[in-house]
>>> print(open('structure.tsv').read())   # TSV, C-alpha atoms
chain	number	residue	atom	x	y	z
A	1	MET	CA	117.99	204.72	251.42
A	2	GLY	CA	120.12	203.46	248.54
A	3	ASP	CA	118.79	200.00	249.25
A	4	ASP	CA	115.24	201.38	249.08
A	5	VAL	CA	115.75	202.86	245.65
A	6	SER	CA	117.16	199.66	244.20
A	7	ARG	CA	114.20	197.69	245.54
A	8	ARG	CA	111.81	200.15	243.91
A	9	ARG	CA	113.74	199.96	240.67
A	10	PHE	CA	113.73	196.20	240.75
A	11	LEU	CA	109.98	196.02	241.29
A	12	THR	CA	109.32	198.61	238.56
A	13	ARG	CA	111.42	196.66	236.10
A	14	ALA	CA	109.93	193.31	237.10
A	15	THR	CA	106.42	194.71	236.66
A	16	ALA	CA	107.36	196.14	233.25
A	17	ALA	CA	108.88	192.81	232.20
A	18	ILE	CA	105.80	190.85	233.27
A	19	GLY	CA	103.63	193.39	231.46
A	20	ALA	CA	105.68	193.05	228.28
A	21	LEU	CA	105.49	189.26	228.52
A	22	LEU	CA	101.72	189.32	228.94
A	23	THR	CA	101.29	191.77	226.06
A	24	ALA	CA	103.36	189.50	223.81
A	25	GLY	CA	101.54	186.44	225.13
A	26	PHE	CA	98.21	187.90	224.06
A	27	GLY	CA	99.41	189.95	221.11
A	28	LEU	CA	101.32	187.31	219.14
A	29	PRO	CA	98.57	184.62	219.21
A	30	ALA	CA	96.03	187.35	218.40
A	31	VAL	CA	97.95	188.34	215.28
A	32	ALA	CA	98.44	184.70	214.20
A	33	TYR	CA	94.71	184.08	214.74
A	34	PHE	CA	93.61	187.13	212.78
A	35	VAL	CA	96.05	186.60	209.93
A	36	SER	CA	95.52	182.83	209.46
A	37	PRO	CA	92.73	183.00	206.78
A	38	ALA	CA	95.14	184.98	204.58
A	39	LYS	CA	97.24	181.84	204.07
A	40	LYS	CA	97.39	180.82	200.41
A	41	GLN	CA	95.08	177.89	199.77
A	42	GLU	CA	96.43	174.99	197.73
A	43	ALA	CA	94.13	174.85	194.71
A	44	GLU	CA	93.30	171.32	193.58
A	45	THR	CA	92.70	171.17	189.87
A	46	ASP	CA	90.37	168.64	188.34
A	47	TRP	CA	88.63	168.03	185.04
A	48	LEU	CA	85.25	169.68	185.16
A	49	PRO	CA	82.59	168.48	182.69
A	50	LEU	CA	81.01	171.35	180.74
A	51	GLY	CA	78.65	169.72	178.22
A	52	SER	CA	78.44	168.47	174.69
A	53	THR	CA	80.80	169.75	172.00
A	54	SER	CA	77.80	170.07	169.71
A	55	LYS	CA	76.70	173.17	171.64
A	56	VAL	CA	79.78	175.10	170.57
A	57	GLU	CA	79.12	177.36	167.59
A	58	ILE	CA	82.03	177.39	165.17
A	59	GLY	CA	83.78	180.74	165.21
A	60	THR	CA	81.74	182.21	168.09
A	61	PRO	CA	82.67	181.98	171.80
A	62	THR	CA	79.94	179.96	173.51
A	63	LEU	CA	79.17	180.32	177.20
A	64	PHE	CA	79.14	177.15	179.30
A	65	LYS	CA	77.90	177.20	182.87
A	66	THR	CA	78.46	174.58	185.50
A	67	THR	CA	78.44	174.40	189.28
A	68	ILE	CA	81.22	173.47	191.66
A	69	ASP	CA	81.30	172.96	195.41
A	70	ARG	CA	83.46	175.55	197.07
A	71	THR	CA	84.34	175.63	200.78
A	72	THR	CA	85.07	178.99	202.34
A	73	GLY	CA	85.58	179.04	206.08
A	74	TRP	CA	82.92	176.71	207.53
A	75	ILE	CA	80.51	177.05	204.59
A	76	THR	CA	80.42	174.71	201.57
A	77	GLU	CA	78.25	176.04	198.80
A	78	SER	CA	77.74	175.16	195.19
A	79	GLU	CA	78.81	178.02	193.03
A	80	GLU	CA	78.20	178.70	189.35
A	81	VAL	CA	81.30	179.03	187.18
A	82	SER	CA	81.25	179.96	183.51
A	83	PHE	CA	83.66	179.54	180.61
A	84	TYR	CA	83.65	180.75	177.04
A	85	VAL	CA	84.57	177.93	174.68
A	86	LEU	CA	85.80	178.78	171.21
A	87	THR	CA	86.52	176.56	168.23
A	88	GLU	CA	87.29	177.34	164.60
A	89	ASN	CA	87.26	173.77	163.31
A	90	ALA	CA	85.29	171.62	165.82
A	91	ARG	CA	88.50	169.72	166.57
A	92	THR	CA	90.56	171.98	168.78
A	93	TYR	CA	88.90	173.99	171.50
A	94	VAL	CA	89.94	176.97	173.61
A	95	ALA	CA	88.37	177.68	177.02
A	96	LEU	CA	88.48	181.25	178.27
A	97	SER	CA	87.69	182.61	181.70
A	98	ASN	CA	84.73	185.01	181.78
A	99	VAL	CA	86.40	186.99	184.56
A	100	CYS	CA	87.83	190.36	183.53
A	101	THR	CA	91.55	190.61	184.28
A	102	HIS	CA	91.12	194.22	185.43
A	103	LEU	CA	89.14	193.91	188.70
A	104	GLY	CA	87.22	190.67	188.38
A	105	CYS	CA	83.83	191.64	186.89
A	106	ARG	CA	82.13	189.17	184.54
A	107	ILE	CA	82.67	189.89	180.84
A	108	ARG	CA	80.18	189.02	178.12
A	109	TRP	CA	80.41	188.28	174.42
A	110	VAL	CA	78.83	191.00	172.28
A	111	ASP	CA	77.79	189.32	169.05
A	112	ASN	CA	77.40	192.27	166.71
A	113	GLN	CA	80.71	193.83	167.86
A	114	ASP	CA	82.60	190.54	167.72
A	115	GLU	CA	84.33	191.21	171.03
A	116	PHE	CA	84.13	190.61	174.77
A	117	PHE	CA	83.00	193.56	176.81
A	118	CYS	CA	83.31	194.22	180.53
A	119	PRO	CA	80.52	196.48	181.85
A	120	CYS	CA	82.41	197.70	184.92
A	121	HIS	CA	85.19	199.83	183.43
A	122	GLY	CA	84.84	199.28	179.69
A	123	GLY	CA	87.48	196.59	179.17
A	124	VAL	CA	87.36	195.07	175.68
A	125	PHE	CA	88.86	191.71	174.66
A	126	SER	CA	89.13	190.01	171.29
A	127	LYS	CA	87.60	186.62	170.47
A	128	GLU	CA	90.88	184.99	171.52
A	129	GLY	CA	90.92	186.93	174.79
A	130	ASP	CA	93.54	189.58	173.94
A	131	VAL	CA	93.07	193.08	175.32
A	132	LEU	CA	91.73	195.50	172.68
A	133	ASP	CA	90.77	198.47	174.80
A	134	GLY	CA	90.30	199.73	178.35
A	135	PRO	CA	92.15	199.06	181.60
A	136	PRO	CA	92.68	195.24	181.64
A	137	PRO	CA	96.40	194.54	182.20
A	138	ARG	CA	96.55	191.10	180.53
A	139	PRO	CA	94.56	188.78	178.26
A	140	LEU	CA	91.73	186.61	179.60
A	141	ASP	CA	92.87	183.48	181.45
A	142	HIS	CA	92.94	180.29	179.40
A	143	PHE	CA	92.06	176.87	180.75
A	144	GLU	CA	93.18	173.49	179.53
A	145	VAL	CA	90.29	171.86	177.72
A	146	ARG	CA	89.79	168.34	176.35
A	147	GLU	CA	87.15	166.35	174.54
A	148	VAL	CA	86.00	163.02	175.95
A	149	ASP	CA	83.42	161.11	173.87
A	150	GLY	CA	81.87	164.27	172.46
A	151	ALA	CA	81.80	166.05	175.84
A	152	LEU	CA	83.95	168.99	176.83
A	153	GLU	CA	85.94	169.05	180.04
A	154	VAL	CA	87.95	171.91	181.43
A	155	LYS	CA	90.78	171.76	183.95
A	156	TYR	CA	89.76	173.95	186.82
A	157	GLY	CA	91.08	174.57	190.31
A	158	VAL	CA	88.71	174.69	193.27
B	1	MET	CA	110.82	211.98	239.47
B	2	SER	CA	112.91	214.51	237.60
B	3	ASP	CA	112.36	218.19	238.32
B	4	ARG	CA	111.84	219.36	234.74
B	5	PRO	CA	108.87	217.88	232.92
B	6	SER	CA	109.58	216.04	229.69
B	7	TRP	CA	108.10	217.10	226.35
B	8	LEU	CA	105.26	214.60	226.69
B	9	ASP	CA	104.67	215.31	230.38
B	10	GLU	CA	104.50	219.05	229.74
B	11	ARG	CA	101.67	218.44	227.31
B	12	THR	CA	99.78	215.57	228.98
B	13	GLY	CA	100.72	215.61	232.66
B	14	TRP	CA	100.99	211.83	232.53
B	15	LYS	CA	103.51	211.64	235.38
B	16	GLN	CA	101.02	213.11	237.81
B	17	ILE	CA	98.34	210.67	236.64
B	18	TRP	CA	100.85	207.82	236.89
B	19	ALA	CA	101.70	208.86	240.45
B	20	ILE	CA	98.02	209.01	241.43
B	21	LEU	CA	97.37	205.57	239.96
B	22	PHE	CA	100.45	203.61	240.94
B	23	LEU	CA	102.54	205.55	243.47
B	24	ARG	CA	99.77	206.00	246.01
B	25	LYS	CA	100.10	204.99	249.62
B	26	ILE	CA	98.41	201.77	250.64
B	27	PRO	CA	97.99	200.19	254.05
B	28	LYS	CA	99.82	196.97	254.92
B	29	VAL	CA	97.69	194.32	253.28
B	30	ASN	CA	97.79	190.64	252.33
B	31	TRP	CA	97.37	188.61	249.14
B	32	ALA	CA	93.58	188.59	249.42
B	33	TYR	CA	93.75	192.27	248.45
B	34	THR	CA	94.91	191.30	244.94
B	35	LEU	CA	91.62	189.56	244.10
B	36	GLY	CA	90.14	192.74	242.60
B	37	SER	CA	93.16	193.21	240.35
B	38	ALA	CA	92.99	189.53	239.40
B	39	THR	CA	89.33	189.97	238.42
B	40	LEU	CA	90.26	193.04	236.38
B	41	PHE	CA	93.00	191.08	234.62
B	42	VAL	CA	90.59	188.29	233.67
B	43	ALA	CA	88.07	190.94	232.51
B	44	ILE	CA	90.72	192.32	230.15
B	45	ASN	CA	91.37	188.75	228.98
B	46	GLN	CA	87.64	188.34	228.28
B	47	ILE	CA	87.50	191.61	226.32
B	48	VAL	CA	90.55	190.80	224.17
B	49	THR	CA	89.60	187.16	223.43
B	50	GLY	CA	85.92	188.09	223.02
B	51	ILE	CA	86.75	190.68	220.36
B	52	LEU	CA	88.92	188.11	218.61
B	53	LEU	CA	86.11	185.51	218.64
B	54	THR	CA	83.74	187.89	216.84
B	55	ILE	CA	86.22	187.98	213.93
B	56	PHE	CA	84.90	184.51	212.95
B	57	TYR	CA	81.77	183.81	215.00
B	58	VAL	CA	78.38	184.24	213.32
B	59	PRO	CA	75.29	184.39	215.57
B	60	SER	CA	72.81	182.56	213.35
B	61	PRO	CA	71.29	179.09	213.78
B	62	GLN	CA	72.90	177.99	210.48
B	63	ASP	CA	76.38	179.28	211.23
B	64	ALA	CA	76.89	179.54	215.00
B	65	TYR	CA	77.88	175.94	215.71
B	66	ASP	CA	79.94	175.55	212.53
B	67	SER	CA	81.76	178.85	213.00
B	68	VAL	CA	82.67	177.87	216.58
B	69	ARG	CA	83.96	174.52	215.33
B	70	TYR	CA	85.89	176.34	212.62
B	71	ILE	CA	87.52	178.59	215.24
B	72	THR	CA	88.38	175.59	217.43
B	73	ASN	CA	89.69	173.23	214.74
B	74	THR	CA	90.90	175.29	211.79
B	75	VAL	CA	91.91	178.83	212.72
B	76	THR	CA	95.51	179.17	213.93
B	77	LEU	CA	95.47	179.17	217.76
B	78	GLY	CA	91.67	179.42	217.62
B	79	TRP	CA	91.49	176.70	220.29
B	80	LEU	CA	93.64	178.91	222.53
B	81	ILE	CA	91.58	182.06	222.04
B	82	ARG	CA	88.32	180.20	222.57
B	83	GLY	CA	89.77	178.26	225.50
B	84	LEU	CA	90.92	181.46	227.20
B	85	HIS	CA	87.46	182.99	226.78
B	86	HIS	CA	85.69	179.81	227.94
B	87	TRP	CA	87.79	179.22	231.06
B	88	GLY	CA	88.16	182.93	231.69
B	89	ALA	CA	84.37	183.15	232.02
B	90	SER	CA	84.41	180.68	234.92
B	91	ALA	CA	87.50	182.30	236.46
B	92	MET	CA	85.73	185.65	236.27
B	93	VAL	CA	82.80	184.45	238.39
B	94	VAL	CA	85.06	182.67	240.90
B	95	LEU	CA	87.40	185.66	241.30
B	96	ALA	CA	84.61	188.23	241.52
B	97	VAL	CA	82.89	186.20	244.25
B	98	ALA	CA	86.18	185.70	246.12
B	99	HIS	CA	86.85	189.45	245.86
B	100	MET	CA	83.39	190.12	247.26
B	101	LEU	CA	83.91	187.70	250.15
B	102	ARG	CA	87.14	189.46	251.06
B	103	VAL	CA	85.30	192.79	251.12
B	104	ILE	CA	82.54	191.31	253.28
B	105	ILE	CA	84.93	189.63	255.71
B	106	HIS	CA	86.99	192.80	256.15
B	107	GLY	CA	83.93	195.03	256.32
B	108	ALA	CA	85.42	197.10	253.52
B	109	TYR	CA	81.96	198.00	252.18
B	110	LYS	CA	81.37	200.44	255.08
B	111	TYR	CA	81.62	204.24	255.03
B	112	PRO	CA	83.01	205.83	252.90
B	113	ARG	CA	83.03	202.97	250.39
B	114	GLU	CA	79.29	202.27	249.98
B	115	VAL	CA	79.21	203.42	246.35
B	116	THR	CA	82.21	201.22	245.52
B	117	TRP	CA	80.35	198.32	247.09
B	118	ILE	CA	77.08	199.00	245.23
B	119	THR	CA	78.84	199.26	241.86
B	120	GLY	CA	80.69	196.06	242.75
B	121	VAL	CA	77.46	194.18	243.39
B	122	ALA	CA	76.07	195.48	240.07
B	123	LEU	CA	79.30	194.35	238.38
B	124	LEU	CA	78.88	190.84	239.79
B	125	LEU	CA	75.34	190.70	238.38
B	126	ILE	CA	76.69	191.84	235.02
B	127	VAL	CA	79.34	189.10	235.12
B	128	ILE	CA	76.61	186.53	235.74
B	129	ALA	CA	74.55	187.97	232.85
B	130	PHE	CA	77.66	187.69	230.66
B	131	GLY	CA	77.95	184.03	231.63
B	132	PHE	CA	74.27	183.32	230.97
B	133	THR	CA	74.16	185.00	227.54
B	134	GLY	CA	77.57	183.66	226.49
B	135	TYR	CA	76.61	180.10	227.32
B	136	LEU	CA	74.07	180.00	224.48
B	137	LEU	CA	76.38	181.29	221.76
B	138	PRO	CA	78.15	177.99	220.77
B	139	TRP	CA	74.64	176.75	219.85
B	140	ASP	CA	75.36	173.15	220.74
B	141	GLN	CA	73.04	170.78	222.59
B	142	LYS	CA	74.29	171.84	226.01
B	143	ALA	CA	73.87	175.53	225.17
B	144	TYR	CA	70.40	175.00	223.71
B	145	TRP	CA	68.99	173.02	226.61
B	146	ALA	CA	70.72	175.05	229.32
B	147	THR	CA	69.13	178.20	227.90
B	148	THR	CA	65.78	176.46	227.46
B	149	VAL	CA	65.83	175.63	231.16
B	150	GLY	CA	67.42	178.93	232.21
B	151	THR	CA	64.86	181.08	230.44
B	152	ARG	CA	62.03	178.84	231.62
B	153	ILE	CA	62.90	179.72	235.22
B	154	VAL	CA	61.65	183.31	234.80
B	155	GLU	CA	58.24	181.95	233.80
B	156	VAL	CA	57.37	181.33	237.45
B	157	THR	CA	57.43	185.09	238.10
B	158	PRO	CA	53.90	186.09	239.19
B	159	ILE	CA	51.68	187.90	236.62
B	160	ILE	CA	54.38	188.88	234.08
B	161	GLY	CA	56.08	185.44	233.96
B	162	ASP	CA	55.15	184.41	230.44
B	163	TRP	CA	55.81	187.89	229.11
B	164	LEU	CA	59.32	187.79	230.65
B	165	LEU	CA	59.90	184.40	229.06
B	166	ARG	CA	58.91	185.74	225.63
B	167	LEU	CA	61.06	188.83	226.24
B	168	LEU	CA	64.13	186.71	226.99
B	169	ARG	CA	63.53	184.31	224.11
B	170	GLY	CA	62.26	186.87	221.63
B	171	GLY	CA	59.16	184.71	221.22
B	172	THR	CA	57.57	181.64	222.75
B	173	GLU	CA	60.27	179.23	221.63
B	174	LEU	CA	64.04	179.31	221.78
B	175	SER	CA	65.11	180.28	218.26
B	176	GLY	CA	67.46	182.27	216.08
B	177	VAL	CA	65.82	185.38	217.53
B	178	THR	CA	66.99	184.25	220.99
B	179	LEU	CA	70.50	183.67	219.67
B	180	THR	CA	70.86	187.11	218.09
B	181	ARG	CA	69.48	188.96	221.13
B	182	PHE	CA	71.75	187.01	223.46
B	183	PHE	CA	74.66	187.84	221.18
B	184	GLY	CA	73.75	191.54	220.97
B	185	VAL	CA	73.39	191.76	224.74
B	186	HIS	CA	76.62	189.80	225.27
B	187	VAL	CA	78.82	191.91	222.97
B	188	TRP	CA	77.21	195.38	223.15
B	189	VAL	CA	74.86	195.96	226.08
B	190	LEU	CA	76.78	194.16	228.83
B	191	PRO	CA	80.27	195.41	227.82
B	192	ALA	CA	78.98	199.00	227.79
B	193	ALA	CA	77.43	198.57	231.24
B	194	LEU	CA	80.54	196.77	232.51
B	195	LEU	CA	82.95	199.48	231.34
B	196	LEU	CA	80.83	202.26	232.81
B	197	LEU	CA	80.49	200.61	236.21
B	198	LEU	CA	84.07	199.37	236.20
B	199	ALA	CA	85.35	202.89	235.54
B	200	THR	CA	83.31	204.19	238.49
B	201	HIS	CA	84.39	201.30	240.71
B	202	ILE	CA	88.09	201.75	239.97
B	203	PHE	CA	87.93	205.55	240.12
B	204	LEU	CA	86.53	205.26	243.65
B	205	VAL	CA	89.26	202.81	244.65
B	206	PHE	CA	91.86	205.37	243.59
B	207	ARG	CA	90.01	208.33	245.06
B	208	ILE	CA	89.20	206.89	248.47
B	209	GLY	CA	92.05	204.40	248.72
B	210	ILE	CA	91.72	200.83	249.88
B	211	SER	CA	90.68	200.00	253.42
B	212	ALA	CA	93.20	198.65	255.89
B	213	PRO	CA	92.50	195.17	257.32
B	214	PRO	CA	90.45	195.48	260.54
B	215	LYS	CA	92.52	195.48	263.75
B	216	LYS	CA	92.18	192.77	266.38
B	217	GLU	CA	91.86	194.92	269.49
B	218	ARG	CA	88.69	196.71	268.45
>>> encode(input="structure.tsv", output="structure tokens")
Amino acid sequence: MGDDVSRRRFLTRATAAIGALLTAGFGLPAVAYFVSPAKKQEAETDWLPLGSTSKVEIGTPTLFKTTIDRTTGWITESEEVSFYVLTENARTYVALSNVCTHLGCRIRWVDNQDEFFCPCHGGVFSKEGDVLDGPPPRPLDHFEVREVDGALEVKYGV
Amino acid sequence: MSDRPSWLDERTGWKQIWAILFLRKIPKVNWAYTLGSATLFVAINQIVTGILLTIFYVPSPQDAYDSVRYITNTVTLGWLIRGLHHWGASAMVVLAVAHMLRVIIHGAYKYPREVTWITGVALLLIVIAFGFTGYLLPWDQKAYWATTVGTRIVEVTPIIGDWLLRLLRGGTELSGVTLTRFFGVHVWVLPAALLLLLATHIFLVFRIGISAPPKKER
């Protein structure tokens, strides 16, 4: 009888152990599989041509649009990216992101107010990108910008 | 089992259910009697890996092939998940047929197990339908032409042949419409039917008990 009980116990434990092993064998790869797209992508930065410096109005942020190829998952698509370029003297340029630092909506320059405005939650930024009003936690992102033979290029990560 | 029920047992009665499921009496049997359980295990494998595949797979002509390649080559252990589902599909058919042969050879389909047998036959047909619809989903050359041929076979049905062909393909030609209906059937219709029949099948196994192997002298 005592022998019987130990056999039963052994089989119960062996079954439980095999079950635990199988659960881990499926569970761990499943988690790794599901989580893998959350890995941080290494952004490669490159100089992105924007257009002629002559388009930039002195003292007013000017919107430049260009397209980049972006690969997400198995899809590579060309995507439009925009930058506000500002100059006070036509020699040094500043490139600002047009993405609101609050929750990522696109901001726009409002000429008669002399400020950037975000339509989503009323964020307001100055010409230089500093927060004037609303919920944005930090100034607009700046990008490195250079002039090559009268054309503007901005350093941008894809 | 202890005499006083635990907190959980008092509220759920799980120990009694456990006893009915796993502490039941079974006749002296051999390894061939594990084929049903083996099929069930592979079915669970198919469900788990199938759900995981839908996390990335897109059933459209533009995306199907590329998303499958993405799973296989880029996603962490994607090759393993896809491989398990791919080979599991074949194992499923082999095991289900072997299980059926064992039942036939032992005459286990006889009274009082006719309903278990009928649901089992329906389950085998569902497994084959799973295989047929799943085969198209990678949307590669083999999938495309196998389904072209496979759907063409129904065309020889008298009178309603060409209607059946259009029903299967969602039109005259194999297209994105075919792909989405095969996908919908593969991940919604068939799993629902499988779970319903499987629940009945397994309930009857527990309720009636498994048959003993036939004796020599009779």
>>> axis_aligned_box(input="structure.tsv", around="segment 83-99 of chain B", padding_each_side="6 Å", output="JSON")
{"center_x": 86.9, "center_y": 183.9, "center_z": 235.8, "size_x": 20.1, "size_y": 23.2, "size_z": 32.6}
>>> atom_distance(input="structure.tsv", atom1="atom CA of Ser60 of chain B", atom2="atom CA of Val185 of chain B")
14.7 Å
>>> atom_distance(input="structure.tsv", atom1="atom CA of Leu124 of chain B", atom2="atom CA of Leu190 of chain B")
11.6 Å
>>> residues_around(input="structure.tsv", residues="Ala38 of chain A", least_positions_apart="6", cutoff="12 Å", atoms="all atoms listed in the file", output="list of chain:residue names")
A:Val31, A:Ala32, A:Thr72, A:Gly73, B:Val75, B:Thr76
>>> residues_around(input="structure.tsv", residues="segment 136-145 of chain A", least_positions_apart="3", cutoff="6 Å", atoms="only C-alpha atoms", output="PDB file with C-alpha atoms, in the frame of the given file")
ATOM      1  CA  ALA A  95      88.370 177.680 177.020  1.00  0.00           C
ATOM      2  CA  LEU A  96      88.480 181.250 178.270  1.00  0.00           C
ATOM      3  CA  SER A  97      87.690 182.610 181.700  1.00  0.00           C
ATOM      4  CA  THR A 101      91.550 190.610 184.280  1.00  0.00           C
ATOM      5  CA  HIS A 102      91.120 194.220 185.430  1.00  0.00           C
ATOM      6  CA  GLY A 123      87.480 196.590 179.170  1.00  0.00           C
ATOM      7  CA  GLY A 129      90.920 186.930 174.790  1.00  0.00           C
ATOM      8  CA  ASP A 130      93.540 189.580 173.940  1.00  0.00           C
ATOM      9  CA  VAL A 131      93.070 193.080 175.320  1.00  0.00           C
ATOM     10  CA  GLU A 153      85.940 169.050 180.040  1.00  0.00           C
ATOM     11  CA  VAL A 154      87.950 171.910 181.430  1.00  0.00           C
ATOM     12  CA  LYS A 155      90.780 171.760 183.950  1.00  0.00           C
TER      13      LYS A 155
END
>>> atom_distance(input="structure.tsv", atom1="atom CA of Ala89 of chain B", atom2="atom CA of Phe182 of chain B")
15.7 Å
>>> closest_residue(input="structure.tsv", among="B:Ile126, B:Leu40, B:Val58, B:Leu195", to="His99 of chain B", atoms="only C-alpha atoms")
B:Leu40
>>> residues_around(input="structure.tsv", residues="Thr12 of chain A", least_positions_apart="6", cutoff="12 Å", atoms="all atoms listed in the file", output="ChimeraX atom specification")
/A:5-6,18-19 /B:22-23
>>> closest_atom_pairs(input="structure.tsv", of="chain A", to="chain B", cutoff="8 Å", atoms="only C-alpha atoms", output="CSV")
residue,atom,partner,partner_atom,distance
A:Pro29,CA,B:Leu77,CA,6.4
A:Ala30,CA,B:Leu52,CA,7.2
A:Ala32,CA,B:Thr76,CA,6.3
A:Tyr33,CA,B:Thr76,CA,5.0
A:Phe34,CA,B:Ile55,CA,7.5
A:Ser36,CA,B:Thr76,CA,5.8
A:Pro37,CA,B:Val75,CA,7.3
A:Gly73,CA,B:Tyr70,CA,7.1
A:Trp74,CA,B:Tyr70,CA,5.9
>>> closest_residue(input="structure.tsv", among="B:Ile47, B:Ala193, B:Leu21, B:Leu8", to="Phe26 of chain A", atoms="all atoms listed in the file")
B:Ile47
>>> closest_residue(input="structure.tsv", among="A:Thr71, A:Leu152, A:Gly122, A:Arg91", to="Lys55 of chain A", atoms="only C-alpha atoms")
A:Leu152
>>> closest_residue(input="structure.tsv", among="B:Ala43, B:Leu168, B:Ala32, B:Val156", to="Ile105 of chain B", atoms="only C-alpha atoms")
B:Ala32
>>> closest_residue(input="structure.tsv", among="A:Thr67, A:Ser52, A:Gln113, A:Thr62", to="Phe83 of chain A", atoms="all atoms listed in the file")
A:Thr62
>>> residues_around(input="structure.tsv", residues="Phe116 of chain A", least_positions_apart="5", cutoff="8 Å", atoms="all atoms listed in the file", output="list in words")
Ile107, Arg108, Trp109, Val110, Val124, Phe125, Ser126, Lys127 and Gly129 of chain A
>>> write_last_selection(input="structure.tsv", atoms="C-alpha atoms", output="PDB file, in the coordinates of the input")
ATOM      1  CA  ILE A 107      82.670 189.890 180.840  1.00  0.00           C
ATOM      2  CA  ARG A 108      80.180 189.020 178.120  1.00  0.00           C
ATOM      3  CA  TRP A 109      80.410 188.280 174.420  1.00  0.00           C
ATOM      4  CA  VAL A 110      78.830 191.000 172.280  1.00  0.00           C
ATOM      5  CA  VAL A 124      87.360 195.070 175.680  1.00  0.00           C
ATOM      6  CA  PHE A 125      88.860 191.710 174.660  1.00  0.00           C
ATOM      7  CA  SER A 126      89.130 190.010 171.290  1.00  0.00           C
ATOM      8  CA  LYS A 127      87.600 186.620 170.470  1.00  0.00           C
ATOM      9  CA  GLY A 129      90.920 186.930 174.790  1.00  0.00           C
TER      10      GLY A 129
END
>>> closest_residue(input="structure.tsv", among="A:Asp133, A:Val56, A:Gly150, A:Val35", to="Asn89 of chain A", atoms="only C-alpha atoms")
A:Val56
>>> residues_around(input="structure.tsv", residues="Val115 of chain B", least_positions_apart="2", cutoff="12 Å", atoms="all atoms listed in the file", output="ChimeraX atom specification")
/B:108-113,117-122,197-198,200-205,207-208
